[in-house]
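What follows is the content of work.tsv (TSV, C-alpha atoms).
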```
chain	number	residue	atom	x	y	z
A	16	MET	CA	-18.10	-5.10	-12.71
A	17	ARG	CA	-20.89	-5.48	-15.27
A	18	PHE	CA	-21.87	-1.86	-15.89
A	19	CYS	CA	-19.85	1.31	-16.46
A	20	PRO	CA	-19.82	3.42	-13.27
A	21	LYS	CA	-19.52	6.60	-15.39
A	22	CYS	CA	-22.25	6.12	-18.03
A	23	GLY	CA	-24.19	2.98	-17.00
A	24	HIS	CA	-23.57	1.01	-20.22
A	25	GLN	CA	-22.55	-2.64	-20.13
A	26	VAL	CA	-18.79	-3.19	-19.97
A	27	THR	CA	-16.76	-5.96	-21.61
A	28	MET	CA	-13.66	-7.69	-20.23
A	29	GLU	CA	-10.73	-7.20	-22.59
A	30	ILE	CA	-7.09	-6.16	-22.76
A	31	PRO	CA	-7.04	-2.43	-23.61
A	32	SER	CA	-4.67	-1.24	-26.32
A	33	GLY	CA	-1.16	-0.73	-24.88
A	34	ASP	CA	-2.01	-2.79	-21.79
A	35	ASN	CA	-1.29	-6.43	-20.96
A	36	ARG	CA	-4.13	-7.32	-18.56
A	37	GLU	CA	-7.86	-7.80	-18.86
A	38	ARG	CA	-9.87	-4.83	-17.61
A	39	ALA	CA	-13.53	-3.92	-17.67
A	40	VAL	CA	-13.83	-1.55	-20.66
A	41	CYS	CA	-16.79	0.64	-21.65
A	42	HIS	CA	-17.16	1.17	-25.39
A	43	ASN	CA	-19.73	3.90	-24.88
A	44	CYS	CA	-17.58	6.37	-22.92
A	45	ASP	CA	-14.10	4.72	-23.09
A	46	PHE	CA	-13.94	4.22	-19.31
A	47	ILE	CA	-11.43	1.56	-18.23
A	48	ASP	CA	-11.66	0.04	-14.76
A	49	TYR	CA	-8.31	-0.47	-13.04
A	50	ASP	CA	-8.89	-2.67	-10.04
A	51	ASN	CA	-5.84	-2.55	-7.77
A	52	PRO	CA	-4.82	-4.13	-4.45
A	53	ARG	CA	-6.00	-2.50	-1.24
A	54	LEU	CA	-3.88	-1.42	1.66
A	55	ILE	CA	-4.84	-2.40	5.21
A	56	THR	CA	-3.10	-0.36	7.89
A	57	GLY	CA	-2.98	-1.04	11.60
A	58	THR	CA	-0.87	-0.95	14.74
A	59	LEU	CA	0.79	-3.11	17.36
A	60	PRO	CA	-0.12	-0.88	20.33
A	61	ILE	CA	2.25	-1.38	23.25
A	62	TYR	CA	1.75	-0.31	26.85
A	63	ASP	CA	4.15	-1.30	29.61
A	64	GLY	CA	5.54	-4.19	27.54
A	65	LYS	CA	2.06	-5.56	26.88
A	66	ILE	CA	0.26	-5.62	23.56
A	67	LEU	CA	-3.28	-4.40	22.93
A	68	LEU	CA	-5.55	-6.86	21.13
A	69	CYS	CA	-9.23	-6.65	20.27
A	70	LYS	CA	-11.80	-9.42	19.97
A	71	ARG	CA	-13.72	-9.06	16.73
A	72	ASN	CA	-17.38	-8.15	17.12
A	73	ILE	CA	-17.97	-8.38	13.36
A	74	GLU	CA	-17.44	-10.91	10.58
A	75	PRO	CA	-15.17	-12.20	9.24
A	76	ARG	CA	-13.59	-14.08	12.17
A	77	LEU	CA	-16.09	-12.86	14.75
A	78	GLY	CA	-14.90	-13.76	18.27
A	79	TYR	CA	-11.23	-14.06	17.30
A	80	TRP	CA	-8.50	-11.73	18.53
A	81	THR	CA	-6.76	-9.26	16.23
A	82	LEU	CA	-4.61	-6.16	16.07
A	83	PRO	CA	-6.51	-2.95	15.29
A	84	ALA	CA	-6.35	-2.53	11.50
A	85	GLY	CA	-8.55	-1.78	8.51
A	86	PHE	CA	-8.78	-0.43	5.00
A	87	MET	CA	-6.81	2.76	4.44
A	88	GLU	CA	-9.13	5.58	3.34
A	89	ASN	CA	-8.65	8.27	0.71
A	90	GLY	CA	-7.12	11.50	1.98
A	91	GLU	CA	-5.02	10.02	4.76
A	92	THR	CA	-1.44	8.82	5.17
A	93	THR	CA	-0.66	5.21	6.08
A	94	ALA	CA	0.16	6.29	9.64
A	95	GLU	CA	-3.05	8.31	9.95
A	96	GLY	CA	-5.06	5.33	8.73
A	97	ALA	CA	-3.36	3.04	11.26
A	98	LEU	CA	-4.12	5.41	14.15
A	99	ARG	CA	-7.71	6.00	13.00
A	100	GLU	CA	-8.36	2.26	12.92
A	101	THR	CA	-6.77	1.90	16.35
A	102	LEU	CA	-9.08	4.57	17.77
A	103	GLU	CA	-12.17	3.14	16.02
A	104	GLU	CA	-11.56	-0.43	17.14
A	105	THR	CA	-10.11	0.03	20.64
A	106	GLY	CA	-10.98	3.56	21.76
A	107	ALA	CA	-7.25	4.12	22.31
A	108	THR	CA	-5.28	7.15	21.14
A	109	ALA	CA	-1.97	5.59	20.12
A	110	VAL	CA	1.22	7.17	18.79
A	111	THR	CA	3.02	5.48	15.90
A	112	THR	CA	6.71	4.91	16.45
A	113	ALA	CA	7.74	3.19	13.18
A	114	PRO	CA	6.45	1.13	10.25
A	115	TYR	CA	7.08	-2.47	11.30
A	116	CYS	CA	5.62	-5.16	8.98
A	117	LEU	CA	4.61	-5.02	5.32
A	118	ILE	CA	2.81	-8.20	4.30
A	119	SER	CA	1.56	-8.89	0.77
A	120	ILE	CA	-1.37	-11.27	0.35
A	121	PRO	CA	-1.65	-11.59	-3.44
A	122	ARG	CA	-4.42	-14.21	-3.25
A	123	ILE	CA	-6.85	-11.59	-1.94
A	124	ASN	CA	-5.23	-8.50	-3.52
A	125	GLN	CA	-4.26	-6.96	-0.19
A	126	VAL	CA	-1.18	-5.46	1.42
A	127	HIS	CA	-1.14	-5.23	5.22
A	128	LEU	CA	1.02	-2.61	6.91
A	129	PHE	CA	1.47	-2.65	10.70
A	130	TYR	CA	3.08	0.12	12.72
A	131	LEU	CA	4.71	-0.20	16.07
A	132	ALA	CA	2.80	2.17	18.33
A	133	SER	CA	2.80	3.19	21.94
A	134	LEU	CA	-0.11	3.97	24.22
A	135	PRO	CA	0.65	7.01	26.39
A	136	GLN	CA	-2.21	5.95	28.68
A	137	PRO	CA	-3.86	2.54	29.18
A	138	ASN	CA	-7.19	3.98	28.05
A	139	PHE	CA	-9.24	1.71	25.77
A	140	HIS	CA	-12.63	0.08	25.70
A	141	ALA	CA	-14.94	-2.23	23.79
A	142	THR	CA	-16.33	-0.66	20.61
A	143	GLU	CA	-18.87	-1.45	17.93
A	144	GLU	CA	-16.18	-3.48	16.14
A	145	SER	CA	-14.58	-5.08	19.23
A	146	SER	CA	-16.49	-6.97	21.93
A	147	GLU	CA	-13.38	-6.92	24.17
A	148	VAL	CA	-10.14	-4.93	24.14
A	149	ALA	CA	-7.32	-6.04	26.42
A	150	LEU	CA	-3.58	-5.87	27.07
A	151	PHE	CA	-1.71	-9.18	26.81
A	152	GLU	CA	1.67	-10.15	28.15
A	153	LEU	CA	3.66	-11.60	25.25
A	154	LYS	CA	3.59	-15.04	26.89
A	155	ASP	CA	-0.22	-14.87	27.04
A	156	ILE	CA	-0.95	-14.06	23.38
A	157	PRO	CA	-3.89	-16.32	22.41
A	158	TRP	CA	-2.18	-17.87	19.37
A	159	ASP	CA	-5.01	-20.33	18.68
A	160	GLU	CA	-7.56	-17.54	18.57
A	161	ILE	CA	-5.85	-15.01	16.31
A	162	ALA	CA	-8.16	-13.82	13.52
A	163	PHE	CA	-5.79	-13.40	10.57
A	164	SER	CA	-2.50	-14.86	9.35
A	165	SER	CA	-1.00	-11.40	8.86
A	166	VAL	CA	-1.74	-10.49	12.48
A	167	ALA	CA	-0.16	-13.76	13.68
A	168	LYS	CA	2.93	-12.96	11.60
A	169	ALA	CA	3.24	-9.42	12.98
A	170	LEU	CA	2.82	-10.70	16.55
A	171	ALA	CA	5.41	-13.44	15.98
A	172	TYR	CA	7.92	-10.88	14.66
A	173	TYR	CA	7.28	-8.74	17.72
A	174	VAL	CA	7.79	-11.60	20.18
A	175	GLU	CA	10.99	-12.63	18.39
A	176	ASP	CA	12.37	-9.07	18.18
A	177	SER	CA	11.54	-8.48	21.85
A	178	LYS	CA	14.26	-10.98	22.74
A	179	THR	CA	16.91	-8.62	21.34
A	180	GLY	CA	15.11	-5.28	21.80
A	181	HIS	CA	15.82	-4.51	18.13
A	182	PHE	CA	12.70	-4.02	15.96
A	183	PRO	CA	13.70	-3.73	12.29
A	184	PHE	CA	11.23	-3.34	9.44
A	185	HIS	CA	9.96	-6.71	8.17
A	186	GLU	CA	8.65	-7.62	4.75
A	187	ASP	CA	6.71	-10.81	4.25
A	188	LEU	CA	4.02	-12.47	2.17
A	189	ILE	CA	1.19	-14.92	2.76
A	190	THR	CA	0.42	-17.54	0.15
A	191	PHE	CA	-2.37	-19.56	1.78
A	192	ASN	CA	-5.31	-20.54	-0.39
A	193	SER	CA	-8.33	-19.85	1.78
A	194	VAL	CA	-9.91	-16.44	1.36
A	195	GLY	CA	-10.78	-14.22	4.28
A	196	LYS	CA	-8.42	-15.56	6.88
B	17	MET	CA	-19.17	7.04	-9.88
B	18	ARG	CA	-22.70	7.74	-11.16
B	19	PHE	CA	-23.97	4.23	-11.91
B	20	CYS	CA	-23.78	0.96	-9.99
B	21	PRO	CA	-21.11	-1.29	-11.53
B	22	LYS	CA	-23.08	-4.37	-10.44
B	23	CYS	CA	-26.63	-3.58	-11.62
B	24	GLY	CA	-26.37	-0.35	-13.66
B	25	HIS	CA	-28.81	1.71	-11.55
B	26	GLN	CA	-27.96	5.25	-10.51
B	27	VAL	CA	-26.06	5.52	-7.22
B	28	THR	CA	-26.35	8.19	-4.54
B	29	MET	CA	-23.59	9.62	-2.35
B	30	GLU	CA	-24.37	9.02	1.30
B	31	ILE	CA	-22.94	7.70	4.55
B	32	PRO	CA	-23.95	4.03	4.83
B	33	SER	CA	-25.34	2.77	8.13
B	34	GLY	CA	-22.48	1.94	10.53
B	35	ASP	CA	-20.00	3.91	8.45
B	36	ASN	CA	-18.66	7.45	8.86
B	37	ARG	CA	-17.78	8.44	5.29
B	38	GLU	CA	-19.72	9.23	2.15
B	39	ARG	CA	-19.76	6.35	-0.34
B	40	ALA	CA	-21.55	5.73	-3.60
B	41	VAL	CA	-24.51	3.54	-2.58
B	42	CYS	CA	-26.91	1.62	-4.86
B	43	HIS	CA	-30.45	1.30	-3.48
B	44	ASN	CA	-31.38	-1.23	-6.13
B	45	CYS	CA	-28.84	-3.96	-5.25
B	46	ASP	CA	-27.27	-2.58	-2.01
B	47	PHE	CA	-23.81	-2.28	-3.58
B	48	ILE	CA	-21.49	0.14	-1.74
B	49	ASP	CA	-18.42	1.51	-3.49
B	50	TYR	CA	-15.32	1.69	-1.30
B	51	ASP	CA	-12.76	3.78	-3.11
B	52	ASN	CA	-9.34	3.34	-1.47
B	53	PRO	CA	-5.83	4.68	-2.02
B	54	ARG	CA	-3.67	3.01	-4.63
B	55	LEU	CA	-0.20	1.63	-4.14
B	56	ILE	CA	2.57	2.52	-6.58
B	57	THR	CA	5.60	0.22	-6.39
B	58	GLY	CA	8.98	0.72	-7.96
B	59	THR	CA	12.73	0.32	-7.54
B	60	LEU	CA	15.97	2.23	-7.18
B	61	PRO	CA	18.00	-0.06	-9.46
B	62	ILE	CA	21.72	0.14	-8.68
B	63	TYR	CA	24.61	-1.06	-10.86
B	64	ASP	CA	28.22	-0.38	-9.96
B	65	GLY	CA	27.24	2.48	-7.65
B	66	LYS	CA	25.17	4.16	-10.36
B	67	ILE	CA	21.40	4.50	-10.42
B	68	LEU	CA	19.13	3.58	-13.32
B	69	LEU	CA	16.68	6.29	-14.38
B	70	CYS	CA	14.22	6.39	-17.25
B	71	LYS	CA	12.99	9.35	-19.26
B	72	ARG	CA	9.22	9.29	-19.48
B	73	ASN	CA	7.82	8.64	-22.92
B	74	ILE	CA	4.24	9.08	-21.70
B	75	GLU	CA	2.20	11.68	-19.84
B	76	PRO	CA	2.14	12.87	-17.15
B	77	ARG	CA	5.60	14.48	-17.01
B	78	LEU	CA	6.66	13.33	-20.48
B	79	GLY	CA	10.38	13.99	-21.01
B	80	TYR	CA	11.22	14.05	-17.29
B	81	TRP	CA	13.39	11.46	-15.56
B	82	THR	CA	11.96	8.99	-13.08
B	83	LEU	CA	12.57	5.74	-11.24
B	84	PRO	CA	10.78	2.72	-12.71
B	85	ALA	CA	7.45	2.46	-10.83
B	86	GLY	CA	3.76	2.02	-11.44
B	87	PHE	CA	0.43	0.84	-10.07
B	88	MET	CA	0.60	-2.45	-8.21
B	89	GLU	CA	-1.65	-5.02	-9.88
B	90	ASN	CA	-3.96	-7.61	-8.37
B	91	GLY	CA	-2.38	-11.02	-7.75
B	92	GLU	CA	1.16	-9.82	-7.11
B	93	THR	CA	3.26	-8.92	-4.07
B	94	THR	CA	4.68	-5.42	-3.64
B	95	ALA	CA	8.14	-6.72	-4.61
B	96	GLU	CA	6.79	-8.50	-7.68
B	97	GLY	CA	5.02	-5.32	-8.76
B	98	ALA	CA	8.20	-3.30	-8.32
B	99	LEU	CA	10.23	-5.73	-10.43
B	100	ARG	CA	7.52	-6.00	-13.11
B	101	GLU	CA	7.44	-2.22	-13.49
B	102	THR	CA	11.23	-2.13	-13.65
B	103	LEU	CA	11.23	-4.68	-16.47
B	104	GLU	CA	8.39	-2.95	-18.34
B	105	GLU	CA	9.91	0.51	-18.16
B	106	THR	CA	13.64	-0.21	-18.49
B	107	GLY	CA	13.97	-3.72	-19.96
B	108	ALA	CA	16.12	-4.58	-16.93
B	109	THR	CA	15.77	-7.69	-14.79
B	110	ALA	CA	16.50	-6.35	-11.32
B	111	VAL	CA	16.66	-8.10	-7.94
B	112	THR	CA	15.06	-6.42	-4.94
B	113	THR	CA	17.27	-6.15	-1.89
B	114	ALA	CA	14.98	-4.37	0.61
B	115	PRO	CA	11.95	-2.09	0.92
B	116	TYR	CA	13.43	1.41	1.15
B	117	CYS	CA	10.92	4.31	1.05
B	118	LEU	CA	7.21	4.41	1.85
B	119	ILE	CA	5.70	7.76	0.88
B	120	SER	CA	2.07	8.70	1.44
B	121	ILE	CA	0.52	11.31	-0.86
B	122	PRO	CA	-2.93	11.83	0.65
B	123	ARG	CA	-3.83	14.64	-1.76
B	124	ILE	CA	-3.99	12.16	-4.63
B	125	ASN	CA	-4.87	9.03	-2.63
B	126	GLN	CA	-1.61	7.26	-3.37
B	127	VAL	CA	1.12	5.45	-1.46
B	128	HIS	CA	4.49	5.06	-3.19
B	129	LEU	CA	6.78	2.20	-2.18
B	130	PHE	CA	10.34	2.04	-3.53
B	131	TYR	CA	12.66	-0.94	-3.16
B	132	LEU	CA	16.41	-0.90	-3.25
B	133	ALA	CA	17.35	-3.22	-6.10
B	134	SER	CA	20.47	-4.40	-7.80
B	135	LEU	CA	21.09	-5.06	-11.48
B	136	PRO	CA	23.13	-8.24	-11.94
B	137	GLN	CA	23.94	-7.07	-15.48
B	138	PRO	CA	23.87	-3.57	-17.03
B	139	ASN	CA	21.23	-4.70	-19.52
B	140	PHE	CA	18.46	-2.18	-20.18
B	141	HIS	CA	16.97	-0.29	-23.08
B	142	ALA	CA	14.39	2.27	-24.14
B	143	THR	CA	10.83	0.95	-23.97
B	144	GLU	CA	7.35	2.02	-24.93
B	145	GLU	CA	7.15	3.94	-21.65
B	146	SER	CA	10.73	5.28	-21.58
B	147	SER	CA	12.39	7.18	-24.42
B	148	GLU	CA	15.79	6.78	-22.72
B	149	VAL	CA	17.11	4.57	-19.94
B	150	ALA	CA	20.49	5.36	-18.43
B	151	LEU	CA	22.77	4.86	-15.43
B	152	PHE	CA	23.65	8.03	-13.51
B	153	GLU	CA	26.47	8.67	-11.08
B	154	LEU	CA	24.92	10.12	-7.91
B	155	LYS	CA	26.60	13.46	-8.57
B	156	ASP	CA	24.97	13.57	-12.02
B	157	ILE	CA	21.34	13.00	-11.01
B	158	PRO	CA	19.28	15.51	-13.07
B	159	TRP	CA	17.50	17.07	-10.08
B	160	ASP	CA	15.78	19.75	-12.15
B	161	GLU	CA	14.30	17.19	-14.49
B	162	ILE	CA	12.89	14.64	-12.04
B	163	ALA	CA	9.29	13.76	-12.86
B	164	PHE	CA	7.73	13.31	-9.42
B	165	SER	CA	8.26	14.57	-5.87
B	166	SER	CA	8.25	11.03	-4.47
B	167	VAL	CA	11.05	10.02	-6.84
B	168	ALA	CA	13.08	13.09	-5.85
B	169	LYS	CA	12.59	12.15	-2.18
B	170	ALA	CA	13.69	8.54	-2.71
B	171	LEU	CA	16.76	9.68	-4.66
B	172	ALA	CA	17.65	12.24	-1.99
B	173	TYR	CA	17.44	9.56	0.73
B	174	TYR	CA	19.69	7.35	-1.35
B	175	VAL	CA	22.31	10.05	-1.91
B	176	GLU	CA	22.27	10.90	1.81
B	177	ASP	CA	22.46	7.27	2.94
B	178	SER	CA	25.28	6.56	0.50
B	179	LYS	CA	27.50	8.81	2.61
B	180	THR	CA	27.29	6.32	5.49
B	181	GLY	CA	26.63	3.12	3.54
B	182	HIS	CA	23.64	2.46	5.82
B	183	PHE	CA	20.26	2.31	4.04
B	184	PRO	CA	17.45	2.12	6.61
B	185	PHE	CA	13.75	2.05	5.73
B	186	HIS	CA	12.31	5.57	5.34
B	187	GLU	CA	8.74	6.73	5.81
B	188	ASP	CA	7.65	10.08	4.47
B	189	LEU	CA	4.69	12.03	3.12
B	190	ILE	CA	4.11	14.64	0.47
B	191	THR	CA	1.62	17.43	1.10
B	192	PHE	CA	1.95	19.58	-2.04
B	193	ASN	CA	-1.24	20.87	-3.58
B	194	SER	CA	-0.75	20.35	-7.30
B	195	VAL	CA	-2.09	17.09	-8.68
B	196	GLY	CA	-0.03	14.83	-10.90
B	197	LYS	CA	3.44	15.88	-9.93
```
Give the structure from this file in structure tokens form.
Amino acid sequence: MRFCPKCGHQVTMEIPSGDNRERAVCHNCDFIDYDNPRLITGTLPIYDGKILLCKRNIEPRLGYWTLPAGFMENGETTAEGALRETLEETGATAVTTAPYCLISIPRINQVHLFYLASLPQPNFHATEESSEVALFELKDIPWDEIAFSSVAKALAYYVEDSKTGHFPFHEDLITFNSVGK
Amino acid sequence: MRFCPKCGHQVTMEIPSGDNRERAVCHNCDFIDYDNPRLITGTLPIYDGKILLCKRNIEPRLGYWTLPAGFMENGETTAEGALRETLEETGATAVTTAPYCLISIPRINQVHLFYLASLPQPNFHATEESSEVALFELKDIPWDEIAFSSVAKALAYYVEDSKTGHFPFHEDLITFNSVGK
């Protein structure tokens, strides 16, 4: 941020009084910019023991497989965001069953939240964001072509938990150094 | 937002191509502002069966009791944010044990995440943000003086779960209409 979004004046980076972090501060209108982590919400959509994945039709990671997920929007709950993204990316109307994985990625200021979800019907299709959408048996998950580390983690938890049939809530973090993966 | 934070030109509210929501868009430098919900992280700090609450020394809800919590910052995990807020508001060095409550508040574009935490030592004190910090027996929780609905919900889950000694992860939402409570 170089200019104040409220008044248009140039901002300076400094630690505001009473704070302990550098923020963009406007000395014309006293605006302070608090830049906070973003929440990505998505689902692990299950139908008949198989998991719904989508092949990314957009960058980053175009051509790789992922779970339906995206930035949570204002005015919605985490579950609503997860289901909206599922519909947008796969055409499927899923039903959330429980929050499943919460994964912090401090390097890119993101928190990823995946819900377990069921598909009442196997209705889905390619979309603007997904060139292919398909159900995978757990043994056929394309591990070498998964788009994001958080998705690989959520899928790995699911495969592991499937052995016992018990799906507790998982918390995790990713500390890799490359951005965007 | 009235001015572009990147180039200082006036922005317009419109739905960008390929999107389905109004955003602030800059036609000078093509900046698009994505305003997303913020994550508040905090703890339910427990010592010897009692719960640590702090009396707010700042607005909003000055003088009301709350759990230590605040906006998650860039570069930290949700658990790190929760423990940082606990230290800042109560002087206590807590240890998180598990994520406990995830509460969406779509009306104010926030998601509140509370961790169960333990206090290895009963060391805490008033701080700039808290005029008092004290341990409460569950039967003595000041229900009429709790600062925020999300805090009341988290405390109510804890009291209920204490009856069984089983503390599962809870998901909830708040749909009240008044801002700031």
All residues 12 Å or closer to range 49-51 of chain A, all atoms listed in the file, same chain fewer than 3 positions away omitted, as number ranges by chain | A: 16, 28-31, 34, 36-40, 46, 54, 121, 123-126; B: 50-57, 86-94, 97, 126
May I have the residues within 12 Å of Asn44 in chain B as a list of chain:residue names, using only C-alpha atoms and disregarding those fewer than 5 positions away in the same chain?
-> B:Phe19, B:Cys20, B:Pro21, B:Lys22, B:Cys23, B:Gly24, B:His25, B:Gln26, B:Val27, B:Thr28
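A straight line drawn from CA of Tyr130 in chain A to CA of Glu152 in chain A is 18.6 Å long.
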Distance criterion (all atoms listed in the file): nearest to chain A out of B:Ala168, B:Ala95, B:Val111, B:Leu103 = B:Ala95
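Here CA of Lys70 in chain A is placed at a distance of 26.3 Å from CA of Lys178 in chain A.
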Can you build me a table of range 73-113 of chain A residues sitting at most 9 Å from range 146-149 of chain A, with the closest atom pair per residue and its distance in Å to one decimal, using only C-alpha atoms, sorted by chain and residue number, as a Markdown table?
```
| residue | atom | partner | partner_atom | distance |
| --- | --- | --- | --- | --- |
| A:Ile73 | CA | A:Ser146 | CA | 8.8 |
| A:Gly78 | CA | A:Ser146 | CA | 7.9 |
| A:Trp80 | CA | A:Glu147 | CA | 8.9 |
| A:Glu104 | CA | A:Val148 | CA | 8.4 |
| A:Thr105 | CA | A:Val148 | CA | 6.1 |
| A:Gly106 | CA | A:Val148 | CA | 8.9 |
```
For Gly65 in chain B: contacts at 10 Å, all atoms listed in the file, fewer than 5 positions along chain excluded, given as a ChimeraX atom specification = /B:134,151-154,178
How would the residues just picked look written out with C-alpha atoms as a PDB file, in the coordinates of the input?
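Heads up, here's the output in part-v7.pdb:
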```pdb
ATOM      1  CA  SER B 134      20.470  -4.400  -7.800  1.00  0.00           C
ATOM      2  CA  LEU B 151      22.770   4.860 -15.430  1.00  0.00           C
ATOM      3  CA  PHE B 152      23.650   8.030 -13.510  1.00  0.00           C
ATOM      4  CA  GLU B 153      26.470   8.670 -11.080  1.00  0.00           C
ATOM      5  CA  LEU B 154      24.920  10.120  -7.910  1.00  0.00           C
ATOM      6  CA  SER B 178      25.280   6.560   0.500  1.00  0.00           C
TER       7      SER B 178
END
```
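CA of Ala110 in chain B sits 4.8 Å away from CA of Leu135 in chain B.
Shortest separation to chain B among A:Lys154, A:His181, A:Arg76, A:Arg17 occurs at residue A:Arg17, atoms counted being all atoms listed in the file.
The closest residue to chain B, picked from A:Leu68, A:Ile156, A:Ile120, A:Ile47 and counting all atoms listed in the file, is A:Ile120.
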Distance query Thr112 in chain B at most 12 Å, all atoms listed in the file, self and fewer than 3 positions along chain excluded, as a count of residues only = 25
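Shortest separation to chain B among A:Arg122, A:His127, A:Lys168, A:His140 occurs at residue A:Arg122, atoms counted being all atoms listed in the file.
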